[in-house]
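Following: one structure in structure tokens, then a few remarks.
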Amino acid sequence: RGPRRLSSGASPGMEELLRRSVPSLPPYETKEKAPPPAELRGAEFVRFYRGLQPGPPRAELLTRLARDFGVEHGRVAEAAAKVLQAREQRREPGALLQAEDRLRYYLNPRYRGLFQHLGRLEGGLRFLVELRADLMEGLASKAVDGPHVKEMNGVLKNMLSEWFSTGFLNLERVTWQSPCEVLQKVSDSEAVHPVRNWVDMKRRVGAYRRCYFFSHCAIPGEPLIVLHVALTSDISSSIQTIVKEVPPLETEDPEKITTAIFYSISLTQQGLQGVELGTHLIKRVVKELQKELPQIEAFSTLSPIPGFTKWLVGLLSSQTKEQGRNELFTESEWQEIAEITGDSTTETLKKLLNTNEWVRSEKLMEVLHPPLMRLCAWYLYGEKHRGYALNPVANFHLQNGSVLWRINWMGDTSPRGLGASCGMMVNYRYFLGETASNSALYLGSKQVQASEQVLALVSQFQQNSKL
């Protein structure tokens with residue numbers, strides 16, 4: 001169902017504002033000579049929009065902007081007919097190319113002109129990022145819906161991707177001497193391992209730690225995406241050793257550092273979702289670390305596995321419904337589980353997994369260790385969405401050319417880690433000489449590069465669990 005058409009009397013102020021703010025697409029012949037819209041119009045639109053309450057009032061404006069100020073379909077049809085005509089008449093290449101250029105021009109929605117104009121205003125880029133965050137929130141909650149709004153979201157995302165390309169981004173390092181607002185923003189935006197307090201924050205930017213962010217030349221000093229790095233002597237298998245609370249008194253000894261662990265990457269601006277910042281940030285940080293600490297030999301992540309527990313509990317439910325019994329575990333594993341839980345159905349086990357209670361029983365943890373490791377390996381390696389890894393974190397690092405290197409039992413024993421992934425974490429290794437070819441293999445033929453440990457676990461899954 002498309003968005004509700006509002007009666008023309010619903011919001012005359014809004015209608016009038018949109019008419020004034022959204023420039024008409026000038027005829028193709030005069031496109032170079034068309035005067036730019038008056039700056040006051042753009043500033044008026046920003047003021048009006050910010051004056052609206054978040055939620056339905058903004059959703060109404062965004063819906064109308066997308067629906068009533070999009071592509072002019074009549075002009076597109078005419079221009080498309082001219083392209084076909086030029087091809088059929090086999091006219092010289094210049095005429096065909098011009099007909100195609102005209103079509104390309106008329107395929108621009110009118111609101112694109114408004115966004116372009118706003119992007120040039122002081123503070124306009126920040127405003128467009130906020131506007132897209134509202135748009136994405138509206139689409140997620142279904143407050144705004146329909147093909148026009150989805151199309152506008154895509155257009156704005158592509159425009160932001162151009163404006164936020166690497167040439168406009170500055171890499172900045174956060175230290176305890178950084179401005180207080182920057183430390184606060186980095187702390188607030190930490191989405192993977194929440195910062196507990198200032199002592200914890202001091203630790204994360206202190207000795208054996210690095211924290212970097214990208215800012216944009218039009219929004220200086222504002223962290224857009226943040227990457228936390230631990231400098232260690234081996235590839236960490238547990239987040240507790242990285243974010244534990246210890247007083248940051250030690251001075252750094254470069255001889256103890258051979259490995260860089262990327263343990264958290266967080267986008268601070270929801271309006272930049274889907275704009276390729278994370279990949280560029282990791283590449284830039286690798287170069288920075290190689291310059292500062294050339295002795296580093298290994299680059300690896302220590303990553304969460306969001307969605308694993310949910311996937312597993314879903315499988316337990318669907319398998320039981322279909323077969324009346326469960327085939328994720330071997331007979332002997334299931335017998336042991338049933339003995340400990342006192343329940344030969346999956347109900348108690350599902351409840352224990354959902355509430356994190358299973359880790360209170362050492363016996364149960366011991367029995368579940370082998371099956372959960374092989375199920376997790378399969379979830380990361382074998383579960384797909386359109387041929388690529390279903391898990392979003394896995395998909396991100398595999399696209400960047402990393403290797404699915406090691407699954408770590410009880411890598412994150414926080415309530416959040418247990419709830420999301422039964423306490424497991426994973427290392428994605430970046431072998432710098434191979435990332436380009438790995439990335440091409442994954443993107444082109446959907447092949448996942450994995451270590452022997454992971455492949456052995458996948459093979460155990462194929463022998464012992466049936467899906």
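Every chain in the structure tokens has a letter given in the order shown (A, B, ...), and although residue numbers restart at 1 in each chain, ligands are simply numbered from 1 in the order shown.
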What are the nearest atom pairs, with distances in Å to one decimal, for all residues of range 317-402 of chain A that come at most 8 Å from range 437-447 of chain A, using only C-alpha atoms, set out by chain and rising residue number as JSON lines?
{"residue": "A:Gly387", "atom": "CA", "partner": "A:Lys446", "partner_atom": "CA", "distance": 6.2}
{"residue": "A:Tyr388", "atom": "CA", "partner": "A:Lys446", "partner_atom": "CA", "distance": 6.0}
{"residue": "A:Leu398", "atom": "CA", "partner": "A:Ser439", "partner_atom": "CA", "distance": 6.6}
{"residue": "A:Gln399", "atom": "CA", "partner": "A:Ser439", "partner_atom": "CA", "distance": 5.2}
{"residue": "A:Asn400", "atom": "CA", "partner": "A:Ser439", "partner_atom": "CA", "distance": 5.6}
{"residue": "A:Gly401", "atom": "CA", "partner": "A:Ser439", "partner_atom": "CA", "distance": 3.9}
{"residue": "A:Ser402", "atom": "CA", "partner": "A:Asn438", "partner_atom": "CA", "distance": 6.9}
Next item on the list: Identify all residues of range 246-375 of chain A in strand (DSSP E) (DSSP on the backbone) and supply them as a ChimeraX atom specification.
Entry: /A:259-267,298-301
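Distances to Phe164 in chain A were evaluated for A:Gly55, A:Pro93, A:Gly278, A:Gly74 using only C-alpha atoms, and the minimum falls at A:Gly278.
Distance check against Pro370 in chain A using only C-alpha atoms: of A:Leu390, A:Val313, A:Ala456, A:Ile261, the minimum falls on A:Ala456.
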Next item on the list: Just the alpha helix (DSSP H) stuff from range 256-302 of chain A, please, per backbone DSSP, written as an MDAnalysis selection string.
Entry: chainID A and resid 278:292
Only all heavy atoms, please: the residues just picked out, written as a CSV table (one decimal), in the first residue's frame.
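Resulting contents of result06.csv:
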chain,number,residue,atom,x,y,z
A,278,GLY,N,33.6,2.3,6.2
A,278,GLY,CA,34.3,1.4,7.0
A,278,GLY,C,35.5,0.8,6.3
A,278,GLY,O,36.6,0.7,6.8
A,279,THR,N,35.3,0.4,5.0
A,279,THR,CA,36.4,-0.3,4.3
A,279,THR,C,37.6,0.7,4.1
A,279,THR,O,38.7,0.3,4.3
A,279,THR,CB,35.9,-0.7,2.9
A,279,THR,OG1,34.7,-1.5,3.1
A,279,THR,CG2,36.9,-1.4,2.1
A,280,HIS,N,37.3,2.0,3.7
A,280,HIS,CA,38.3,3.0,3.6
A,280,HIS,C,39.0,3.2,4.9
A,280,HIS,O,40.2,3.4,4.9
A,280,HIS,CB,37.7,4.2,3.0
A,280,HIS,CG,37.1,4.1,1.7
A,280,HIS,ND1,37.7,3.4,0.6
A,280,HIS,CD2,35.8,4.4,1.2
A,280,HIS,CE1,36.9,3.4,-0.4
A,280,HIS,NE2,35.8,4.0,-0.1
A,281,LEU,N,38.3,3.3,6.0
A,281,LEU,CA,38.9,3.6,7.3
A,281,LEU,C,39.9,2.5,7.7
A,281,LEU,O,41.0,2.8,8.1
A,281,LEU,CB,37.8,3.7,8.3
A,281,LEU,CG,38.3,4.1,9.8
A,281,LEU,CD1,39.1,5.3,9.8
A,281,LEU,CD2,37.1,4.2,10.7
A,282,ILE,N,39.5,1.2,7.5
A,282,ILE,CA,40.4,0.1,7.8
A,282,ILE,C,41.7,0.2,7.0
A,282,ILE,O,42.8,0.1,7.5
A,282,ILE,CB,39.7,-1.2,7.7
A,282,ILE,CG1,38.7,-1.4,8.8
A,282,ILE,CG2,40.7,-2.4,7.7
A,282,ILE,CD1,37.9,-2.7,8.7
A,283,LYS,N,41.5,0.5,5.7
A,283,LYS,CA,42.7,0.6,4.8
A,283,LYS,C,43.7,1.7,5.2
A,283,LYS,O,44.9,1.6,5.3
A,283,LYS,CB,42.3,0.8,3.3
A,283,LYS,CG,41.8,-0.5,2.7
A,283,LYS,CD,41.3,-0.3,1.3
A,283,LYS,CE,40.8,-1.6,0.7
A,283,LYS,NZ,40.0,-1.3,-0.6
A,284,ARG,N,43.1,2.9,5.6
A,284,ARG,CA,43.9,4.0,5.9
A,284,ARG,C,44.6,3.8,7.3
A,284,ARG,O,45.7,4.1,7.5
A,284,ARG,CB,43.0,5.3,6.1
A,284,ARG,CG,42.5,5.9,4.8
A,284,ARG,CD,43.6,6.8,4.1
A,284,ARG,NE,43.7,8.1,4.9
A,284,ARG,CZ,42.9,9.1,4.8
A,284,ARG,NH1,41.9,9.1,3.9
A,284,ARG,NH2,43.2,10.2,5.5
A,285,VAL,N,43.9,3.1,8.2
A,285,VAL,CA,44.5,2.8,9.5
A,285,VAL,C,45.6,1.8,9.4
A,285,VAL,O,46.7,2.0,10.0
A,285,VAL,CB,43.4,2.4,10.5
A,285,VAL,CG1,44.1,1.8,11.8
A,285,VAL,CG2,42.5,3.5,10.9
A,286,VAL,N,45.5,0.8,8.5
A,286,VAL,CA,46.6,-0.1,8.3
A,286,VAL,C,47.8,0.6,7.8
A,286,VAL,O,48.9,0.4,8.3
A,286,VAL,CB,46.2,-1.2,7.2
A,286,VAL,CG1,47.4,-2.0,6.7
A,286,VAL,CG2,45.2,-2.2,7.9
A,287,LYS,N,47.6,1.6,6.9
A,287,LYS,CA,48.8,2.3,6.4
A,287,LYS,C,49.4,3.2,7.5
A,287,LYS,O,50.6,3.2,7.6
A,287,LYS,CB,48.3,3.3,5.2
A,287,LYS,CG,48.2,2.6,3.9
A,287,LYS,CD,47.9,3.5,2.8
A,287,LYS,CE,47.8,2.8,1.5
A,287,LYS,NZ,46.9,3.5,0.5
A,288,GLU,N,48.6,3.8,8.3
A,288,GLU,CA,49.0,4.6,9.4
A,288,GLU,C,49.9,3.8,10.4
A,288,GLU,O,50.9,4.2,10.8
A,288,GLU,CB,47.8,5.2,10.1
A,288,GLU,CG,48.0,6.4,11.0
A,288,GLU,CD,48.5,7.6,10.2
A,288,GLU,OE1,48.3,7.7,9.0
A,288,GLU,OE2,49.1,8.5,10.9
A,289,LEU,N,49.3,2.6,10.7
A,289,LEU,CA,50.0,1.7,11.7
A,289,LEU,C,51.4,1.2,11.1
A,289,LEU,O,52.4,1.1,11.8
A,289,LEU,CB,49.1,0.6,12.1
A,289,LEU,CG,47.9,0.9,13.0
A,289,LEU,CD1,47.0,-0.2,13.1
A,289,LEU,CD2,48.4,1.4,14.4
A,290,GLN,N,51.4,0.9,9.8
A,290,GLN,CA,52.6,0.4,9.2
A,290,GLN,C,53.7,1.5,9.2
A,290,GLN,O,54.9,1.2,9.4
A,290,GLN,CB,52.3,0.0,7.7
A,290,GLN,CG,51.6,-1.3,7.6
A,290,GLN,CD,51.3,-1.7,6.1
A,290,GLN,OE1,50.8,-0.8,5.4
A,290,GLN,NE2,51.7,-2.9,5.7
A,291,LYS,N,53.3,2.7,9.1
A,291,LYS,CA,54.2,3.8,9.2
A,291,LYS,C,54.7,4.0,10.6
A,291,LYS,O,55.9,4.1,10.8
A,291,LYS,CB,53.5,5.2,8.8
A,291,LYS,CG,54.1,5.7,7.5
A,291,LYS,CD,53.6,7.1,7.1
A,291,LYS,CE,52.1,7.3,7.4
A,291,LYS,NZ,51.5,8.5,6.9
A,292,GLU,N,53.8,4.0,11.6
A,292,GLU,CA,54.2,4.2,13.0
A,292,GLU,C,54.9,3.0,13.6
A,292,GLU,O,55.9,3.2,14.3
A,292,GLU,CB,52.9,4.5,13.8
A,292,GLU,CG,53.3,5.0,15.2
A,292,GLU,CD,52.1,4.8,16.2
A,292,GLU,OE1,51.0,4.6,15.8
A,292,GLU,OE2,52.4,5.0,17.4
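Atom pair CA of Gly221 in chain A / CA of Glu181 in chain A has a distance of 9.4 Å (rounded to one decimal).
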Which neighbours of range 428-433 of chain A fall inside 9 Å, counting only C-alpha atoms, when residues of the same chain fewer than 4 positions from it are skipped, and could you give them as an mmCIF file with all heavy atoms, in the first residue's frame?
data_model
loop_
_atom_site.group_PDB
_atom_site.id
_atom_site.type_symbol
_atom_site.label_atom_id
_atom_site.label_comp_id
_atom_site.auth_asym_id
_atom_site.auth_seq_id
_atom_site.Cartn_x
_atom_site.Cartn_y
_atom_site.Cartn_z
ATOM 1 N N ALA A 298 50.881 -8.935 11.903
ATOM 2 C CA ALA A 298 49.527 -9.486 11.714
ATOM 3 C C ALA A 298 48.468 -8.407 11.917
ATOM 4 O O ALA A 298 48.533 -7.639 12.886
ATOM 5 C CB ALA A 298 49.298 -10.634 12.698
ATOM 6 N N PHE A 299 47.509 -8.382 10.993
ATOM 7 C CA PHE A 299 46.345 -7.509 11.134
ATOM 8 C C PHE A 299 45.112 -8.412 11.195
ATOM 9 O O PHE A 299 44.906 -9.229 10.296
ATOM 10 C CB PHE A 299 46.230 -6.555 9.944
ATOM 11 C CG PHE A 299 47.327 -5.519 9.906
ATOM 12 C CD1 PHE A 299 48.508 -5.763 9.205
ATOM 13 C CD2 PHE A 299 47.188 -4.314 10.585
ATOM 14 C CE1 PHE A 299 49.526 -4.818 9.181
ATOM 15 C CE2 PHE A 299 48.208 -3.363 10.561
ATOM 16 C CZ PHE A 299 49.376 -3.610 9.861
ATOM 17 N N SER A 300 44.342 -8.259 12.268
ATOM 18 C CA SER A 300 43.202 -9.153 12.459
ATOM 19 C C SER A 300 42.085 -8.389 13.162
ATOM 20 O O SER A 300 42.326 -7.384 13.814
ATOM 21 C CB SER A 300 43.631 -10.338 13.324
ATOM 22 O OG SER A 300 42.512 -11.111 13.701
ATOM 23 N N THR A 301 40.865 -8.900 13.026
ATOM 24 C CA THR A 301 39.774 -8.340 13.829
ATOM 25 C C THR A 301 39.515 -9.285 14.999
ATOM 26 O O THR A 301 39.949 -10.450 14.979
ATOM 27 C CB THR A 301 38.469 -8.241 13.026
ATOM 28 O OG1 THR A 301 37.885 -9.552 12.923
ATOM 29 C CG2 THR A 301 38.692 -7.659 11.645
ATOM 30 N N LEU A 302 38.805 -8.799 15.987
ATOM 31 C CA LEU A 302 38.151 -9.676 16.962
ATOM 32 C C LEU A 302 36.702 -9.208 16.913
ATOM 33 O O LEU A 302 36.367 -8.139 17.424
ATOM 34 C CB LEU A 302 38.748 -9.517 18.359
ATOM 35 C CG LEU A 302 38.099 -10.405 19.428
ATOM 36 C CD1 LEU A 302 38.252 -11.890 19.093
ATOM 37 C CD2 LEU A 302 38.667 -10.130 20.814
ATOM 38 N N SER A 303 35.875 -9.979 16.212
ATOM 39 C CA SER A 303 34.552 -9.473 15.830
ATOM 40 C C SER A 303 33.417 -10.198 16.532
ATOM 41 O O SER A 303 33.496 -11.406 16.793
ATOM 42 C CB SER A 303 34.356 -9.637 14.315
ATOM 43 O OG SER A 303 35.318 -8.884 13.620
ATOM 44 N N ALA A 394 30.341 -10.587 9.015
ATOM 45 C CA ALA A 394 31.138 -11.488 8.164
ATOM 46 C C ALA A 394 31.158 -10.961 6.733
ATOM 47 O O ALA A 394 32.216 -10.869 6.096
ATOM 48 C CB ALA A 394 30.541 -12.900 8.186
ATOM 49 N N HIS A 397 33.591 -7.920 6.346
ATOM 50 C CA HIS A 397 35.037 -8.221 6.339
ATOM 51 C C HIS A 397 35.438 -9.111 5.158
ATOM 52 O O HIS A 397 36.529 -8.961 4.612
ATOM 53 C CB HIS A 397 35.460 -8.853 7.675
ATOM 54 C CG HIS A 397 35.450 -7.867 8.801
ATOM 55 N ND1 HIS A 397 36.303 -6.784 8.849
ATOM 56 C CD2 HIS A 397 34.676 -7.785 9.918
ATOM 57 C CE1 HIS A 397 36.067 -6.081 9.950
ATOM 58 N NE2 HIS A 397 35.084 -6.662 10.615
ATOM 59 N N LEU A 398 34.549 -10.015 4.738
ATOM 60 C CA LEU A 398 34.865 -10.860 3.582
ATOM 61 C C LEU A 398 34.903 -10.030 2.295
ATOM 62 O O LEU A 398 35.742 -10.235 1.435
ATOM 63 C CB LEU A 398 33.868 -12.019 3.465
ATOM 64 C CG LEU A 398 33.936 -13.054 4.612
ATOM 65 C CD1 LEU A 398 32.731 -13.991 4.568
ATOM 66 C CD2 LEU A 398 35.242 -13.860 4.573
ATOM 67 N N ASN A 400 35.882 -7.085 2.177
ATOM 68 C CA ASN A 400 37.159 -6.351 2.237
ATOM 69 C C ASN A 400 38.356 -7.248 1.931
ATOM 70 O O ASN A 400 39.491 -6.766 1.917
ATOM 71 C CB ASN A 400 37.373 -5.744 3.626
ATOM 72 C CG ASN A 400 36.391 -4.635 3.917
ATOM 73 O OD1 ASN A 400 35.762 -4.115 3.003
ATOM 74 N ND2 ASN A 400 36.249 -4.278 5.178
ATOM 75 N N GLY A 401 38.127 -8.555 1.764
ATOM 76 C CA GLY A 401 39.220 -9.455 1.395
ATOM 77 C C GLY A 401 39.890 -10.165 2.556
ATOM 78 O O GLY A 401 41.003 -10.680 2.426
ATOM 79 N N SER A 402 39.202 -10.223 3.708
ATOM 80 C CA SER A 402 39.816 -10.922 4.853
ATOM 81 C C SER A 402 39.551 -12.428 4.747
ATOM 82 O O SER A 402 38.786 -12.882 3.909
ATOM 83 C CB SER A 402 39.223 -10.393 6.156
ATOM 84 O OG SER A 402 37.871 -10.801 6.243
ATOM 85 N N VAL A 403 40.202 -13.168 5.650
ATOM 86 C CA VAL A 403 40.023 -14.628 5.729
ATOM 87 C C VAL A 403 39.260 -14.928 7.019
ATOM 88 O O VAL A 403 39.574 -14.376 8.078
ATOM 89 C CB VAL A 403 41.401 -15.337 5.756
ATOM 90 C CG1 VAL A 403 41.259 -16.823 6.046
ATOM 91 C CG2 VAL A 403 42.129 -15.117 4.439
ATOM 92 N N LEU A 404 38.254 -15.800 6.936
ATOM 93 C CA LEU A 404 37.529 -16.262 8.124
ATOM 94 C C LEU A 404 38.492 -17.184 8.863
ATOM 95 O O LEU A 404 38.700 -18.324 8.448
ATOM 96 C CB LEU A 404 36.258 -16.989 7.647
ATOM 97 C CG LEU A 404 35.310 -17.615 8.643
ATOM 98 C CD1 LEU A 404 34.923 -16.675 9.744
ATOM 99 C CD2 LEU A 404 34.059 -18.104 7.924
ATOM 100 N N TRP A 405 39.111 -16.673 9.930
ATOM 101 C CA TRP A 405 40.333 -17.320 10.417
ATOM 102 C C TRP A 405 40.177 -18.191 11.658
ATOM 103 O O TRP A 405 40.718 -19.273 11.744
ATOM 104 C CB TRP A 405 41.405 -16.248 10.669
ATOM 105 C CG TRP A 405 42.770 -16.812 10.886
ATOM 106 C CD1 TRP A 405 43.556 -17.435 9.957
ATOM 107 C CD2 TRP A 405 43.513 -16.822 12.101
ATOM 108 N NE1 TRP A 405 44.751 -17.826 10.521
ATOM 109 C CE2 TRP A 405 44.747 -17.457 11.841
ATOM 110 C CE3 TRP A 405 43.272 -16.348 13.388
ATOM 111 C CZ2 TRP A 405 45.726 -17.627 12.823
ATOM 112 C CZ3 TRP A 405 44.234 -16.514 14.364
ATOM 113 C CH2 TRP A 405 45.451 -17.155 14.072
ATOM 114 N N ARG A 406 39.436 -17.685 12.679
ATOM 115 C CA ARG A 406 39.329 -18.512 13.897
ATOM 116 C C ARG A 406 38.065 -18.163 14.673
ATOM 117 O O ARG A 406 37.734 -16.997 14.843
ATOM 118 C CB ARG A 406 40.546 -18.270 14.807
ATOM 119 C CG ARG A 406 40.583 -19.193 16.020
ATOM 120 C CD ARG A 406 41.839 -18.981 16.855
ATOM 121 N NE ARG A 406 41.857 -17.666 17.493
ATOM 122 C CZ ARG A 406 42.951 -17.102 18.004
ATOM 123 N NH1 ARG A 406 44.132 -17.708 17.911
ATOM 124 N NH2 ARG A 406 42.891 -15.910 18.573
ATOM 125 N N SER A 437 42.773 -10.027 -4.039
ATOM 126 C CA SER A 437 42.311 -11.231 -4.756
ATOM 127 C C SER A 437 41.190 -11.928 -3.982
ATOM 128 O O SER A 437 40.232 -12.428 -4.573
ATOM 129 C CB SER A 437 43.480 -12.187 -5.021
ATOM 130 O OG SER A 437 44.109 -12.520 -3.805
#
Check: Which residue gives the smallest distance to His193 in chain A among A:Arg416, A:Gln116, A:Cys422, A:Glu252, with only C-alpha atoms counted?
Finding: A:Arg416
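Residues in contact with Thr355 in chain A at up to 9 Å, not including ones fewer than 5 positions away on its chain and judged by only C-alpha atoms, are Lys350, Leu418 and Gly419 of chain A.
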Write the residues you've just listed into a file as a short mmCIF file (atom, residue, chain, number, x, y, z; two decimals), in the first residue's frame, and include N, CA, C and O atoms for each of them.
data_model
loop_
_atom_site.label_atom_id
_atom_site.label_comp_id
_atom_site.auth_asym_id
_atom_site.auth_seq_id
_atom_site.Cartn_x
_atom_site.Cartn_y
_atom_site.Cartn_z
N LYS A 350 16.11 -24.19 24.57
CA LYS A 350 15.84 -22.90 23.91
C LYS A 350 15.75 -21.80 24.96
O LYS A 350 16.29 -20.71 24.81
N LEU A 418 26.89 -13.07 25.26
CA LEU A 418 26.22 -14.37 25.43
C LEU A 418 24.86 -14.35 24.73
O LEU A 418 24.48 -15.32 24.08
N GLY A 419 24.15 -13.23 24.85
CA GLY A 419 22.82 -13.13 24.26
C GLY A 419 22.85 -13.16 22.74
O GLY A 419 22.01 -13.78 22.11
#
Next item on the list: Quick one: everything within 10 Å of Tyr208 in chain A, counting only C-alpha atoms, minus sequence neighbours fewer than 3 positions away in the same chain. Send it as a ChimeraX atom specification.
Entry: /A:203-205,229-232,242,248,250-254,256-257,260
Store the residues of this selection in a file with N, CA, C and O atoms, as a CSV table (one decimal), in the first residue's frame.
chain,number,residue,atom,x,y,z
A,203,ARG,N,41.4,4.2,29.1
A,203,ARG,CA,42.1,2.9,28.7
A,203,ARG,C,42.1,2.7,27.2
A,203,ARG,O,43.1,2.3,26.6
A,204,ARG,N,40.9,3.0,26.6
A,204,ARG,CA,40.8,2.7,25.1
A,204,ARG,C,41.5,3.7,24.2
A,204,ARG,O,41.6,3.4,23.0
A,205,VAL,N,42.0,4.8,24.8
A,205,VAL,CA,42.8,5.6,23.9
A,205,VAL,C,44.3,5.8,24.5
A,205,VAL,O,45.0,6.6,24.1
A,229,VAL,N,41.5,0.0,17.9
A,229,VAL,CA,42.6,-1.0,17.7
A,229,VAL,C,43.3,-1.3,19.0
A,229,VAL,O,43.6,-0.4,19.7
A,230,ALA,N,43.6,-2.6,19.2
A,230,ALA,CA,44.4,-3.0,20.3
A,230,ALA,C,45.8,-3.5,19.7
A,230,ALA,O,45.8,-4.2,18.7
A,231,LEU,N,46.9,-3.1,20.3
A,231,LEU,CA,48.2,-3.5,19.8
A,231,LEU,C,48.7,-4.6,20.8
A,231,LEU,O,48.9,-4.3,22.0
A,232,THR,N,48.9,-5.8,20.3
A,232,THR,CA,49.2,-6.9,21.1
A,232,THR,C,50.4,-7.7,20.6
A,232,THR,O,50.9,-7.4,19.6
A,242,ILE,N,40.8,-7.2,26.2
A,242,ILE,CA,41.0,-5.9,25.6
A,242,ILE,C,40.3,-4.8,26.3
A,242,ILE,O,40.8,-3.7,26.4
A,248,PRO,N,45.3,2.8,33.4
A,248,PRO,CA,46.3,3.0,32.2
A,248,PRO,C,47.6,3.6,32.6
A,248,PRO,O,47.9,4.7,32.3
A,250,GLU,N,50.7,1.8,32.4
A,250,GLU,CA,51.9,1.3,31.7
A,250,GLU,C,52.3,2.2,30.5
A,250,GLU,O,51.5,2.8,29.9
A,251,THR,N,53.6,2.2,30.3
A,251,THR,CA,54.1,2.9,29.1
A,251,THR,C,54.3,1.8,28.0
A,251,THR,O,54.6,0.7,28.3
A,252,GLU,N,54.1,2.3,26.8
A,252,GLU,CA,54.1,1.3,25.7
A,252,GLU,C,55.5,0.9,25.3
A,252,GLU,O,56.4,1.7,25.2
A,253,ASP,N,55.7,-0.5,25.2
A,253,ASP,CA,57.0,-1.0,24.7
A,253,ASP,C,56.8,-1.5,23.3
A,253,ASP,O,56.2,-2.6,23.1
A,254,PRO,N,57.3,-0.8,22.3
A,254,PRO,CA,57.1,-1.2,20.9
A,254,PRO,C,57.5,-2.6,20.6
A,254,PRO,O,57.0,-3.3,19.7
A,256,LYS,N,57.0,-5.2,22.3
A,256,LYS,CA,55.9,-6.2,22.6
A,256,LYS,C,54.8,-6.2,21.6
A,256,LYS,O,53.9,-7.0,21.7
A,257,ILE,N,54.9,-5.3,20.6
A,257,ILE,CA,53.8,-5.2,19.6
A,257,ILE,C,54.1,-5.9,18.3
A,257,ILE,O,55.0,-5.5,17.6
A,260,ALA,N,48.0,-6.1,15.3
A,260,ALA,CA,47.0,-5.0,15.4
A,260,ALA,C,45.6,-5.7,15.4
A,260,ALA,O,45.4,-6.4,14.4
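Between CA of Leu160 in chain A and CA of Glu32 in chain A the separation is 23.2 Å.
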Notebook entry, point to check: Residues at most 9 Å from Met201 in chain A, counting only C-alpha atoms, excluding those fewer than 5 positions away in the same chain, as a PyMOL selection string?
Noted result: chain A and resi 176+183+186-187+195-196+206
